[in-house]
Each structure stands twice: as structure tokens, then as C-alpha cells.
Amino acid sequence: MAYLANPANTAAVLKKYDFHFQKRYGQNFLIDPHVLDKIMEGAGICKEDTVLEIGPGIGTMTQYLAEQAGKVIAVEIDDKLIPVLADTLSSYDNVRILHQDILKVDLEKLSQEEAGGRPMKVVANLPYYITTPILMALLEQRIPFESITVMVQKEVAERMQAREGTKDYGAITLAIRYFTEPRIIAQVPPNCFMPRPNVGSAVIRLTKHKTPPVTVKDEAKMFATIRASFNQRRKTLVNALAGGGIAEKEKTLEALRSMGLSETIRGEALTVEQFARLSELL
């Protein structure tokens with residue numbers, strides 16, 4: 001099977017299987033080998049690695065991964081792509097295709113079965129509509145991973161590495177920063193995909209912290225506090241936490257005073273360290 005990373009070969013596979021893109025799965029297939037080279041370089045894949053690929057599509061990036069990694073586990077939700085993958089990846093004996101929804105996969109069990117509990121590397125061209133839930137599942141399930149290298153909407157990548165006090169700073173920024181060190185490694189224009197999306201994309205690598213930048217007794221409480229703070233981000237922190245059922249106004253005011261913070265401060269101004277301290281006080 002020829003490499004799929006060009007318009008002609010991708011079109012040939014789509015025609016052979018009479019495949020039609022499904023809007024509900026947010027399918028946009030890469031057709032630029034230079035972008036794939038950047039992803040491979042950024043992810044740092046080697047023969048010792050077990051790679052979890054989410055949404056392999058017709059197997060374009062899977063081919064590259066299979067040639068560089070020891071093992072690739074490709075999780076695909078679309079029924080119609082399973083026979084396509086069986087064809088396009090037939091020459092690789094180190095690829096396992098899982099026909100499942102990644103959000104319903106027991107990732108810890110999968111990690112034990114496929115990597116013996118050793119840290120995996122995650123690589124994915126993520127559907128824009130479900131990027132955040134997938135990333136949060138990967139982070140919060142605590143599967144052992146070394147890094148996550150993903151193609152996402154450009155604006156989402158910018159939010160992941162935004163600084164506090166900016167409009168892009170939000171709950172996803174804090175979650176990413178708590179678990180990983182984010183770094184954008186490539187900008188990807190719409191013409192690198194079939195079909196072309198309406199927006200630009202970016203490849204971002206999230207390298208897992210060996211230890212989190214802060215220690216917190218109740219991680220779930222911290223993230224609940226963060227989410228409530230940004231659910232109504234134009235409100236003051238005091239009002240947002242009261243409205244989100246996290247803490248009564250006076251309790252939050254007391255905590256802010258003890259931290260030396262303004263009583264009218266908004267969540268977007270707090271660092272991950274300050275959110276950790278605030279949740280402990282609450």
C-alpha cells in the first residue's frame with residue numbers, strides 16, 4: 001500500500017470504499033507529508049515506544065507511526081473506516097485497530113495490556129468538536145503517558161498555552177498546565193486537509209510533568225473550583241463560586257483576603273498555584 005499522505009492516494013482510497021465524510025465525527029484527513037514529518041519529529045517516536053493514536057481515519061498518520069514505533073494502538077469510532085484501515089495497514093504487523101469510542105475505553109486497562117504499564121505516547125489528529133473532552137479524559141484518567149502530541153484547532157492550541165489575565169486563558173489552560181508543559185510545534189493551514197476545514201490548525205506537544213507544579217489535597221475540588229470560576233467568566237470569583245455551588249460568598253471573601261487578593265478579582269487572573277491554595281482554603 002502506498003503512503004496515503006497526498007491528495008491523489010487519499011482520494012483513491014475514498015473512492016475505492018465509497019467513503020463519505022461524516023460531519024458528526026469531524027473528519028478531516030491529512031494530505032501533507034511535511035506536516036506528518038513535523039508531528040513525528042515533535043512526538044519523538046522511537047522503536048521502544050507504544051503509541052496510542054486516536055482517530056486514525058484511513059491510516060495516513062498510522063503508517064508513519066507504525067514505521068517508527070514498536071507498537072501502535074489505533075482507536076477508531078467510525079464503523080465504515082474499520083475495513084479501510086484493515087486494508088491500508090495490512091502490511092504492518094505492529095498495529096492493533098480498536099473499533100471503539102475513545103471516551104468509553106478503559107485507558108488504564110489498555111495501558112496495562114499493551115504497554116505493561118510503561119508510559120505510552122499519545123498522538124492524534126483530534127476532531128475539533130470533541131478536543132477538550134478527549135484531552136481531559138487522557139489527563140484525568142491518570143494513564144501512564146510520556147507525552148501527548150495532537151493536532152487541534154489553532155485557537156484551542158493557543159488557549160492551552162495562554163497566560164493568566166488574557167482572553168484565551170481558561171479552565172483547559174489550567175488543566176493542561178497542572179499536568180503538562182505545552183509547546184506548539186507547528187502551524188497547519190486548511191489546505192493540508194481533505195476536506196479543508198474552515199479554520200487553521202496547530203500541532204501541540206504536551207509533555208507530562210514528572211511531578212505536578214503544585215500539590216493539592218483534593219484535586220477534584222480544585223478542578224471543580226476552576227470550572228465554576230470560568231463557567232461565568234465575566235463574574236467576580238466570589239459570585240462565580242457562589243453561583244456554581246462551590247462556596248458561599250463570605251467564605252470565598254475570607255479566603256481571598258487571607259491570600260492577599262482583591263475581593264473583586266476574576267478567575268482569569270489566578271495562577272494554578274493560587275487556585276490550588278484557594279481550593280484548600282475553601
# chains A, B, ... in the order shown; residues from 1 in each chain; ligands from 1
call {"tool": "residues_around", "arguments": {"residues": "segment 129-131 of chain A", "least_positions_apart": "3", "cutoff": "9 Å", "atoms": "only C-alpha atoms", "output": "ChimeraX atom specification"}}
result
/A:24-26,126,134-136,152-153,156
call {"tool": "closest_atom_pairs", "arguments": {"of": "segment 142-258 of chain A", "to": "segment 60-66 of chain A", "cutoff": "12 Å", "atoms": "only C-alpha atoms", "output": "tab-separated table"}}
result
residue	atom	partner	partner_atom	distance
A:Val150	CA	A:Met61	CA	11.6
A:Met151	CA	A:Met61	CA	11.4
A:Phe193	CA	A:Thr60	CA	11.3
A:Met194	CA	A:Thr60	CA	11.7
call {"tool": "write_last_selection", "arguments": {"atoms": "C-alpha atoms", "output": "CSV table (one decimal), in the first residue's frame"}}
result
chain,number,residue,atom,x,y,z
A,150,VAL,CA,-2.1,16.4,19.0
A,151,MET,CA,-3.4,18.4,16.0
A,193,PHE,CA,-6.5,18.6,4.9
A,194,MET,CA,-9.2,16.8,2.9
call {"tool": "select_by_dssp", "arguments": {"residues": "segment 49-276 of chain A", "states": "strand (DSSP E)", "output": "VMD selection string"}}
result
chain A and resid 50 to 54 71 to 76 95 to 99 120 to 125 145 to 153 180 to 188 193 to 194 201 to 208
call {"tool": "closest_residue", "arguments": {"among": "A:Met120, A:Leu107, A:Leu270, A:Leu89", "to": "Gly170 of chain A", "atoms": "only C-alpha atoms"}}
result
A:Leu270
call {"tool": "residues_around", "arguments": {"residues": "His34 of chain A", "least_positions_apart": "5", "cutoff": "12 Å", "atoms": "only C-alpha atoms", "output": "ChimeraX atom specification"}}
result
/A:5-6,39-41,61,64,186-188,192
call {"tool": "write_last_selection", "arguments": {"atoms": "N, CA and C atoms", "output": "compact mmCIF listing (two decimals), in the first residue's frame"}}
result
# COMPACT_ATOMS: atom_id res chain seq x y z
N ALA A 5 -0.40 10.01 2.41
CA ALA A 5 -0.26 11.43 2.71
C ALA A 5 -0.11 12.31 1.47
N ASN A 6 -1.03 12.17 0.53
CA ASN A 6 -1.12 13.11 -0.59
C ASN A 6 -2.54 13.05 -1.13
N ILE A 39 5.02 16.25 12.91
CA ILE A 39 4.37 15.58 14.04
C ILE A 39 5.27 14.47 14.59
N MET A 40 5.84 13.68 13.68
CA MET A 40 6.73 12.58 14.12
C MET A 40 7.94 13.13 14.88
N GLU A 41 8.51 14.20 14.33
CA GLU A 41 9.68 14.81 14.98
C GLU A 41 9.30 15.37 16.35
N MET A 61 -1.61 8.84 9.17
CA MET A 61 -0.56 9.03 10.17
C MET A 61 -0.14 7.70 10.79
N TYR A 64 2.97 6.22 9.27
CA TYR A 64 4.20 6.84 9.76
C TYR A 64 4.54 6.34 11.16
N ALA A 186 3.96 23.28 15.46
CA ALA A 186 3.71 23.56 14.04
C ALA A 186 2.35 24.23 13.85
N GLN A 187 2.30 25.16 12.91
CA GLN A 187 1.05 25.75 12.46
C GLN A 187 0.66 25.04 11.17
N VAL A 188 -0.62 24.69 11.02
CA VAL A 188 -1.06 23.90 9.87
C VAL A 188 -2.24 24.59 9.18
N CYS A 192 -3.94 21.69 4.07
CA CYS A 192 -3.23 20.44 4.37
C CYS A 192 -4.19 19.29 4.66
call {"tool": "closest_residue", "arguments": {"among": "A:Thr264, A:Leu281, A:Ile172, A:Thr166", "to": "Lys217 of chain A", "atoms": "only C-alpha atoms"}}
result
A:Leu281
